[in-house]
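Below is upload.cif, which holds mmCIF, C-alpha atoms.
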data_query
#
loop_
_atom_site.group_PDB
_atom_site.id
_atom_site.type_symbol
_atom_site.label_atom_id
_atom_site.label_comp_id
_atom_site.auth_asym_id
_atom_site.auth_seq_id
_atom_site.Cartn_x
_atom_site.Cartn_y
_atom_site.Cartn_z
ATOM 1 C CA MET A 1166 0.000 0.000 0.000
ATOM 2 C CA LEU A 1167 2.850 2.369 0.822
ATOM 3 C CA LYS A 1168 4.442 1.717 -2.563
ATOM 4 C CA GLU A 1169 1.215 2.523 -4.386
ATOM 5 C CA ALA A 1170 0.752 5.726 -2.380
ATOM 6 C CA ALA A 1171 4.322 6.775 -3.201
ATOM 7 C CA ILE A 1172 3.756 6.166 -6.917
ATOM 8 C CA ILE A 1173 0.532 8.201 -6.870
ATOM 9 C CA GLY A 1174 2.393 11.045 -5.157
ATOM 10 C CA LEU A 1175 5.262 10.785 -7.637
ATOM 11 C CA CYS A 1176 2.804 11.135 -10.513
ATOM 12 C CA TYR A 1177 1.678 14.477 -9.145
ATOM 13 C CA PHE A 1178 5.272 15.689 -9.419
ATOM 14 C CA ILE A 1179 5.574 14.217 -12.919
ATOM 15 C CA GLY A 1180 2.466 16.154 -13.900
ATOM 16 C CA SER A 1181 3.897 19.295 -12.309
ATOM 17 C CA ILE A 1182 6.850 19.459 -14.706
ATOM 18 C CA PRO A 1183 6.012 22.660 -16.678
ATOM 19 C CA PHE A 1184 7.274 21.747 -20.136
ATOM 20 C CA SER A 1185 5.628 24.737 -21.860
ATOM 21 C CA TYR A 1186 7.311 27.084 -19.390
ATOM 22 C CA LEU A 1187 10.677 25.309 -19.655
ATOM 23 C CA PHE A 1188 10.777 25.063 -23.442
ATOM 24 C CA THR A 1189 9.595 28.642 -23.923
ATOM 25 C CA ARG A 1190 12.364 29.763 -21.581
ATOM 26 C CA LEU A 1191 14.903 27.594 -23.391
ATOM 27 C CA PHE A 1192 14.058 28.647 -26.945
ATOM 28 C CA THR A 1193 12.779 32.215 -26.552
ATOM 29 C CA LYS A 1194 14.218 33.324 -23.180
ATOM 30 C CA GLN A 1195 10.724 34.536 -22.244
ATOM 31 C CA ASP A 1196 8.203 33.640 -19.563
ATOM 32 C CA ILE A 1197 5.112 32.019 -21.115
ATOM 33 C CA ARG A 1198 3.076 33.250 -18.153
ATOM 34 C CA LYS A 1199 3.581 36.783 -19.513
ATOM 35 C CA LYS A 1200 2.766 35.915 -23.129
ATOM 36 C CA GLY A 1201 -0.560 35.454 -24.904
ATOM 37 C CA SER A 1202 -3.204 34.071 -22.585
ATOM 38 C CA GLY A 1203 -0.637 33.542 -19.824
ATOM 39 C CA ASN A 1204 -1.614 29.878 -19.683
ATOM 40 C CA VAL A 1205 1.199 27.386 -19.090
ATOM 41 C CA GLY A 1206 0.142 24.975 -21.811
ATOM 42 C CA ALA A 1207 0.998 23.793 -25.292
ATOM 43 C CA THR A 1208 -1.660 25.886 -27.084
ATOM 44 C CA ASN A 1209 -0.300 29.130 -25.634
ATOM 45 C CA ALA A 1210 3.240 27.989 -26.404
ATOM 46 C CA LEU A 1211 2.205 27.324 -30.017
ATOM 47 C CA ARG A 1212 0.426 30.651 -30.442
ATOM 48 C CA THR A 1213 3.133 32.763 -28.811
ATOM 49 C CA SER A 1214 6.392 30.930 -29.517
ATOM 50 C CA GLY A 1215 5.830 29.112 -32.799
ATOM 51 C CA ILE A 1216 5.187 25.601 -33.978
ATOM 52 C CA ARG A 1217 8.522 24.129 -32.853
ATOM 53 C CA VAL A 1218 8.114 25.191 -29.223
ATOM 54 C CA GLY A 1219 4.412 24.342 -29.289
ATOM 55 C CA MET A 1220 4.943 20.827 -30.615
ATOM 56 C CA ILE A 1221 7.787 20.087 -28.198
ATOM 57 C CA ALA A 1222 5.683 21.354 -25.293
ATOM 58 C CA LEU A 1223 2.743 19.258 -26.484
ATOM 59 C CA ALA A 1224 4.940 16.158 -26.647
ATOM 60 C CA GLY A 1225 6.193 16.827 -23.120
ATOM 61 C CA ASP A 1226 2.691 17.259 -21.728
ATOM 62 C CA LEU A 1227 1.485 14.101 -23.476
ATOM 63 C CA PHE A 1228 4.470 12.214 -22.094
ATOM 64 C CA LYS A 1229 3.543 13.179 -18.527
ATOM 65 C CA GLY A 1230 0.159 11.498 -18.893
ATOM 66 C CA VAL A 1231 1.588 8.459 -20.642
ATOM 67 C CA ALA A 1232 4.319 8.003 -18.022
ATOM 68 C CA ALA A 1233 1.970 8.421 -15.057
ATOM 69 C CA ALA A 1234 -0.736 6.067 -16.341
ATOM 70 C CA TYR A 1235 1.762 3.430 -17.448
ATOM 71 C CA LEU A 1236 3.748 3.591 -14.231
ATOM 72 C CA GLY A 1237 0.636 3.450 -12.049
ATOM 73 C CA ARG A 1238 -0.904 0.530 -13.914
ATOM 74 C CA TYR A 1239 2.407 -1.352 -13.988
ATOM 75 C CA ILE A 1240 2.894 -0.943 -10.225
ATOM 76 C CA GLY A 1241 -0.670 -1.307 -8.973
ATOM 77 C CA GLY A 1242 -3.057 -2.289 -11.753
ATOM 78 C CA ASP A 1243 -6.119 -0.442 -13.037
ATOM 79 C CA ILE A 1244 -7.024 1.398 -9.838
ATOM 80 C CA VAL A 1245 -3.563 2.846 -9.251
ATOM 81 C CA GLY A 1246 -3.188 3.560 -12.984
ATOM 82 C CA ALA A 1247 -6.384 5.614 -12.971
ATOM 83 C CA LEU A 1248 -5.395 7.480 -9.796
ATOM 84 C CA CYS A 1249 -1.947 8.225 -11.211
ATOM 85 C CA ALA A 1250 -3.558 9.546 -14.389
ATOM 86 C CA PHE A 1251 -5.682 11.970 -12.384
ATOM 87 C CA MET A 1252 -2.741 13.088 -10.240
ATOM 88 C CA ALA A 1253 -0.662 13.843 -13.335
ATOM 89 C CA VAL A 1254 -3.466 15.987 -14.767
ATOM 90 C CA PHE A 1255 -3.941 17.673 -11.388
ATOM 91 C CA GLY A 1256 -0.198 18.303 -11.201
ATOM 92 C CA HIS A 1257 -0.228 19.894 -14.652
ATOM 93 C CA CYS A 1258 -3.092 22.196 -13.639
ATOM 94 C CA TYR A 1259 -1.658 23.011 -10.208
ATOM 95 C CA PRO A 1260 2.128 22.497 -10.422
ATOM 96 C CA VAL A 1261 4.124 22.838 -7.250
ATOM 97 C CA PHE A 1262 7.045 24.209 -9.296
ATOM 98 C CA LEU A 1263 5.089 27.265 -10.530
ATOM 99 C CA GLY A 1264 3.171 28.254 -7.432
ATOM 100 C CA PHE A 1265 0.254 25.957 -8.329
ATOM 101 C CA ARG A 1266 -0.570 27.985 -11.461
ATOM 102 C CA GLY A 1267 -0.431 25.687 -14.445
ATOM 103 C CA GLY A 1268 -2.185 24.691 -17.630
ATOM 104 C CA LYS A 1269 -5.561 23.215 -18.418
ATOM 105 C CA GLY A 1270 -4.692 19.529 -18.448
ATOM 106 C CA VAL A 1271 -5.851 18.541 -21.933
ATOM 107 C CA ALA A 1272 -2.610 17.125 -23.346
ATOM 108 C CA THR A 1273 -1.639 15.384 -20.095
ATOM 109 C CA ALA A 1274 -5.104 13.840 -19.861
ATOM 110 C CA ALA A 1275 -4.805 12.737 -23.485
ATOM 111 C CA GLY A 1276 -1.526 10.960 -22.747
ATOM 112 C CA ALA A 1277 -3.096 9.093 -19.838
ATOM 113 C CA ILE A 1278 -6.154 8.149 -21.908
ATOM 114 C CA LEU A 1279 -3.861 6.844 -24.643
ATOM 115 C CA VAL A 1280 -2.463 4.306 -22.170
ATOM 116 C CA LEU A 1281 -5.680 3.422 -20.331
ATOM 117 C CA MET A 1282 -8.228 3.573 -23.183
ATOM 118 C CA PRO A 1283 -6.562 3.767 -26.625
ATOM 119 C CA MET A 1284 -9.804 3.662 -28.631
ATOM 120 C CA ALA A 1285 -11.293 6.459 -26.528
ATOM 121 C CA PHE A 1286 -8.128 8.458 -27.148
ATOM 122 C CA LEU A 1287 -8.600 8.078 -30.896
ATOM 123 C CA ILE A 1288 -12.264 9.133 -30.800
ATOM 124 C CA LEU A 1289 -11.582 12.086 -28.520
ATOM 125 C CA LEU A 1290 -8.617 13.201 -30.616
ATOM 126 C CA ILE A 1291 -10.687 13.127 -33.811
ATOM 127 C CA SER A 1292 -13.456 15.057 -32.064
ATOM 128 C CA LEU A 1293 -11.113 17.694 -30.641
ATOM 129 C CA VAL A 1294 -9.193 18.212 -33.875
ATOM 130 C CA GLY A 1295 -12.370 18.187 -35.975
ATOM 131 C CA ILE A 1296 -14.130 20.788 -33.819
ATOM 132 C CA ALA A 1297 -11.003 22.947 -33.581
ATOM 133 C CA TYR A 1298 -10.511 22.774 -37.355
ATOM 134 C CA ILE A 1299 -14.118 23.684 -38.156
ATOM 135 C CA THR A 1300 -14.612 26.392 -35.526
ATOM 136 C CA ARG A 1301 -10.960 27.494 -35.064
ATOM 137 C CA PHE A 1302 -11.516 27.290 -31.296
ATOM 138 C CA VAL A 1303 -9.165 24.809 -29.617
ATOM 139 C CA SER A 1304 -10.896 25.478 -26.306
ATOM 140 C CA LEU A 1305 -14.265 24.385 -27.674
ATOM 141 C CA GLY A 1306 -12.807 21.134 -28.976
ATOM 142 C CA SER A 1307 -11.111 20.545 -25.629
ATOM 143 C CA VAL A 1308 -14.293 21.104 -23.603
ATOM 144 C CA VAL A 1309 -16.398 18.865 -25.864
ATOM 145 C CA ALA A 1310 -13.769 16.104 -25.725
ATOM 146 C CA ALA A 1311 -13.613 16.386 -21.925
ATOM 147 C CA PHE A 1312 -17.398 16.073 -21.723
ATOM 148 C CA MET A 1313 -17.323 13.001 -23.984
ATOM 149 C CA PHE A 1314 -14.644 11.162 -21.990
ATOM 150 C CA PRO A 1315 -16.806 9.914 -19.073
ATOM 151 C CA LEU A 1316 -19.618 9.061 -21.486
ATOM 152 C CA LEU A 1317 -17.308 6.799 -23.503
ATOM 153 C CA THR A 1318 -16.015 5.228 -20.299
ATOM 154 C CA ILE A 1319 -19.566 4.398 -19.205
ATOM 155 C CA VAL A 1320 -20.767 3.209 -22.637
ATOM 156 C CA TRP A 1321 -17.819 0.821 -22.979
ATOM 157 C CA GLY A 1322 -18.449 -0.661 -19.539
ATOM 158 C CA LYS A 1323 -15.060 0.211 -18.089
ATOM 159 C CA PRO A 1324 -14.287 -0.519 -14.398
ATOM 160 C CA TRP A 1325 -15.930 1.771 -11.857
ATOM 161 C CA THR A 1326 -12.508 3.224 -11.035
ATOM 162 C CA TYR A 1327 -12.087 4.417 -14.615
ATOM 163 C CA ILE A 1328 -15.589 5.889 -14.631
ATOM 164 C CA ILE A 1329 -15.043 7.866 -11.420
ATOM 165 C CA ILE A 1330 -11.609 9.090 -12.448
ATOM 166 C CA SER A 1331 -12.851 10.005 -15.931
ATOM 167 C CA ILE A 1332 -15.536 12.178 -14.321
ATOM 168 C CA PHE A 1333 -12.954 13.884 -12.105
ATOM 169 C CA ILE A 1334 -10.566 14.466 -15.019
ATOM 170 C CA ALA A 1335 -13.351 15.821 -17.231
ATOM 171 C CA ALA A 1336 -14.615 18.094 -14.457
ATOM 172 C CA LEU A 1337 -11.115 19.431 -13.797
ATOM 173 C CA VAL A 1338 -10.411 20.120 -17.485
ATOM 174 C CA ILE A 1339 -13.780 21.840 -17.958
ATOM 175 C CA TYR A 1340 -13.274 23.870 -14.770
ATOM 176 C CA ARG A 1341 -9.867 25.002 -15.999
ATOM 177 C CA HIS A 1342 -11.580 26.187 -19.201
ATOM 178 C CA ARG A 1343 -14.189 28.266 -17.363
ATOM 179 C CA GLY A 1344 -12.674 31.504 -18.668
ATOM 180 C CA ASN A 1345 -12.678 30.153 -22.221
ATOM 181 C CA ILE A 1346 -16.295 29.074 -21.866
ATOM 182 C CA GLU A 1347 -17.295 32.558 -20.754
ATOM 183 C CA ARG A 1348 -15.414 34.127 -23.686
ATOM 184 C CA LEU A 1349 -17.040 31.675 -26.099
ATOM 185 C CA ARG A 1350 -20.417 32.746 -24.759
ATOM 186 C CA ASN A 1351 -19.727 36.460 -25.197
ATOM 187 C CA GLY A 1352 -17.862 36.114 -28.496
ATOM 188 C CA SER A 1353 -14.435 37.253 -27.302
ATOM 189 C CA GLU A 1354 -12.564 33.931 -27.371
ATOM 190 C CA PRO A 1355 -9.539 34.158 -29.714
ATOM 191 C CA LYS A 1356 -9.313 31.687 -32.558
ATOM 192 C CA ILE A 1357 -6.231 29.573 -33.124
ATOM 193 C CA ASN A 1358 -4.978 31.762 -35.966
ATOM 194 C CA ASP A 1359 -5.781 35.134 -34.393
ATOM 195 C CA PRO A 1360 -2.806 37.403 -33.694
ATOM 196 C CA VAL A 1361 -1.589 37.292 -30.096
#
Could you rewrite the structure in this file as structure tokens?
Amino acid sequence: MLKEAAIIGLCYFIGSIPFSYLFTRLFTKQDIRKKGSGNVGATNALRTSGIRVGMIALAGDLFKGVAAAYLGRYIGGDIVGALCAFMAVFGHCYPVFLGFRGGKGVATAAGAILVLMPMAFLILLISLVGIAYITRFVSLGSVVAAFMFPLLTIVWGKPWTYIIISIFIAALVIYRHRGNIERLRNGSEPKINDPV
């Protein structure tokens, strides 16, 4: 039990690694928290620092979810894998290394889903990309995909642990997008190709 608890705690710290902040600092010498939306995530890195930094940051955030879910499931099975997935997403949103001010958890959640539910990952990815491509709002695609995640988990009859954790992950991602949702409602949300 102690080993499982330690792994779950470790996954919070894995999720807390702020790749968008680190890579923006490395390649542009700037603080991503003072650029664009100020969000410490791959979308803001892409919009403010270019495709190279954005894609590297995205890969790093995906890796956090993959590593946490794989490590948790390898050490403790489905229950620990699901808990580690949530802790990595939570760590990304509230990283100890940046004063608990992080990103919105989408890419890290996607990495965890890739490990735990590969088919769901594919469906959610297609949905997110499709909505973002049509509307030019990445935030809208992210919120819709987050909403779909628990529904897919329930429809496919996944273990109760996955269902509960999927609800928590979806709720956290949607909560972190509350500002985007308000801007979408009042028509002020920037599109992916809008100038920063």
_To one decimal place in Å, what is the distance between CA of Ala1171 in chain A and CA of Leu1337 in chain A?_
22.6 Å
*Just how far from CA of Ala1274 in chain A is CA of Val1218 in chain A, in Å to one decimal?*
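Those two atoms sit 19.8 Å apart.
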Evaluating the PyMOL selection byres ((chain A and resi 1300-1314) around 7) on the displayed file yields which residues, as a short mmCIF file (atom, residue, chain, number, x, y, z; two decimals) with C-alpha atoms, keeping the file's coordinate frame?
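Dumped everything to expr17.cif:
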data_model
loop_
_atom_site.label_atom_id
_atom_site.label_comp_id
_atom_site.auth_asym_id
_atom_site.auth_seq_id
_atom_site.Cartn_x
_atom_site.Cartn_y
_atom_site.Cartn_z
CA VAL A 1271 -5.85 18.54 -21.93
CA LEU A 1289 -11.58 12.09 -28.52
CA SER A 1292 -13.46 15.06 -32.06
CA LEU A 1293 -11.11 17.69 -30.64
CA VAL A 1294 -9.19 18.21 -33.88
CA ILE A 1296 -14.13 20.79 -33.82
CA ALA A 1297 -11.00 22.95 -33.58
CA TYR A 1298 -10.51 22.77 -37.35
CA ILE A 1299 -14.12 23.68 -38.16
CA PRO A 1315 -16.81 9.91 -19.07
CA LEU A 1316 -19.62 9.06 -21.49
CA LEU A 1317 -17.31 6.80 -23.50
CA THR A 1318 -16.02 5.23 -20.30
CA SER A 1331 -12.85 10.01 -15.93
CA ALA A 1335 -13.35 15.82 -17.23
CA VAL A 1338 -10.41 20.12 -17.48
CA ILE A 1339 -13.78 21.84 -17.96
CA ASN A 1345 -12.68 30.15 -22.22
CA LYS A 1356 -9.31 31.69 -32.56
CA ILE A 1357 -6.23 29.57 -33.12
#
*Residues near range 1222-1235 of chain A, cut-off 7 Å, all atoms listed in the file, skip fewer than 2 positions along chain, as a PyMOL selection string*: chain A and resi 1176+1179-1180+1184-1185+1188+1207+1218-1220+1237-1239+1246-1247+1249-1250+1253+1272-1277+1279-1281
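Interatomic distance, CA of Phe1192 in chain A to CA of Asn1204 in chain A: 17.3 Å.
Each of A:Thr1189, A:Pro1260, A:Phe1265, A:Leu1349 was checked against Arg1212 in chain A using only C-alpha atoms; the smallest atom-to-atom distance is that of A:Thr1189.
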_For a quick check of understanding, using only C-alpha atoms, which of A:Ser1214, A:Val1245, A:Gly1270, A:Ile1328 has the smallest distance to Pro1183 in chain A?_
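Once distances to Pro1183 in chain A are computed over only C-alpha atoms, the minimum belongs to A:Gly1270.
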Would you list the contacts of Arg1198 in chain A as a short mmCIF file (atom, residue, chain, number, x, y, z; two decimals) with C-alpha atoms, in the coordinates of the input, taking every protein, DNA or RNA residue within 10 Å and counting all atoms listed in the file, but skipping same-chain residues closer than 5 positions in sequence?
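Produced file around_19.cif, reproduced below:
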data_model
loop_
_atom_site.label_atom_id
_atom_site.label_comp_id
_atom_site.auth_asym_id
_atom_site.auth_seq_id
_atom_site.Cartn_x
_atom_site.Cartn_y
_atom_site.Cartn_z
CA SER A 1185 5.63 24.74 -21.86
CA TYR A 1186 7.31 27.08 -19.39
CA THR A 1189 9.60 28.64 -23.92
CA GLY A 1203 -0.64 33.54 -19.82
CA ASN A 1204 -1.61 29.88 -19.68
CA VAL A 1205 1.20 27.39 -19.09
CA GLY A 1206 0.14 24.98 -21.81
CA ASN A 1209 -0.30 29.13 -25.63
CA ALA A 1210 3.24 27.99 -26.40
CA LEU A 1263 5.09 27.26 -10.53
CA ARG A 1266 -0.57 27.98 -11.46
CA GLY A 1267 -0.43 25.69 -14.44
#
Report the centre and edge lengths, in Å to one decimal, of an axis-aligned box enclosing every atom of range 1257-1260 of chain A listed in the file, padded by 8 Å on each side, as lines of an AutoDock Vina configuration file.
center_x = -0.5
center_y = 21.5
center_z = -12.4
size_x = 21.2
size_y = 19.1
size_z = 20.4
*Kindly indicate which residue among A:His1257, A:Thr1213, A:Ile1346, A:Ile1319 lies nearest to Gly1201 in chain A, using only C-alpha atoms for the distances.*
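Closest residue, counting only C-alpha atoms: A:Thr1213.
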*Which residues come within 9 Å of range 1241-1243 of chain A, counting all atoms listed in the file, excluding same-chain residues fewer than 6 positions away, as a VMD selection string?*
chain A and resid 1168 to 1169 1172 1281 1324 1326 to 1327
*asked:* With distances taken over all atoms listed in the file, which residue among A:Ile1278, A:Val1320, A:Gly1344, A:Ile1240 lies nearest Ser1202 in chain A?
replied: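 Of the candidates, the smallest distance to Ser1202 in chain A is held by A:Gly1344.
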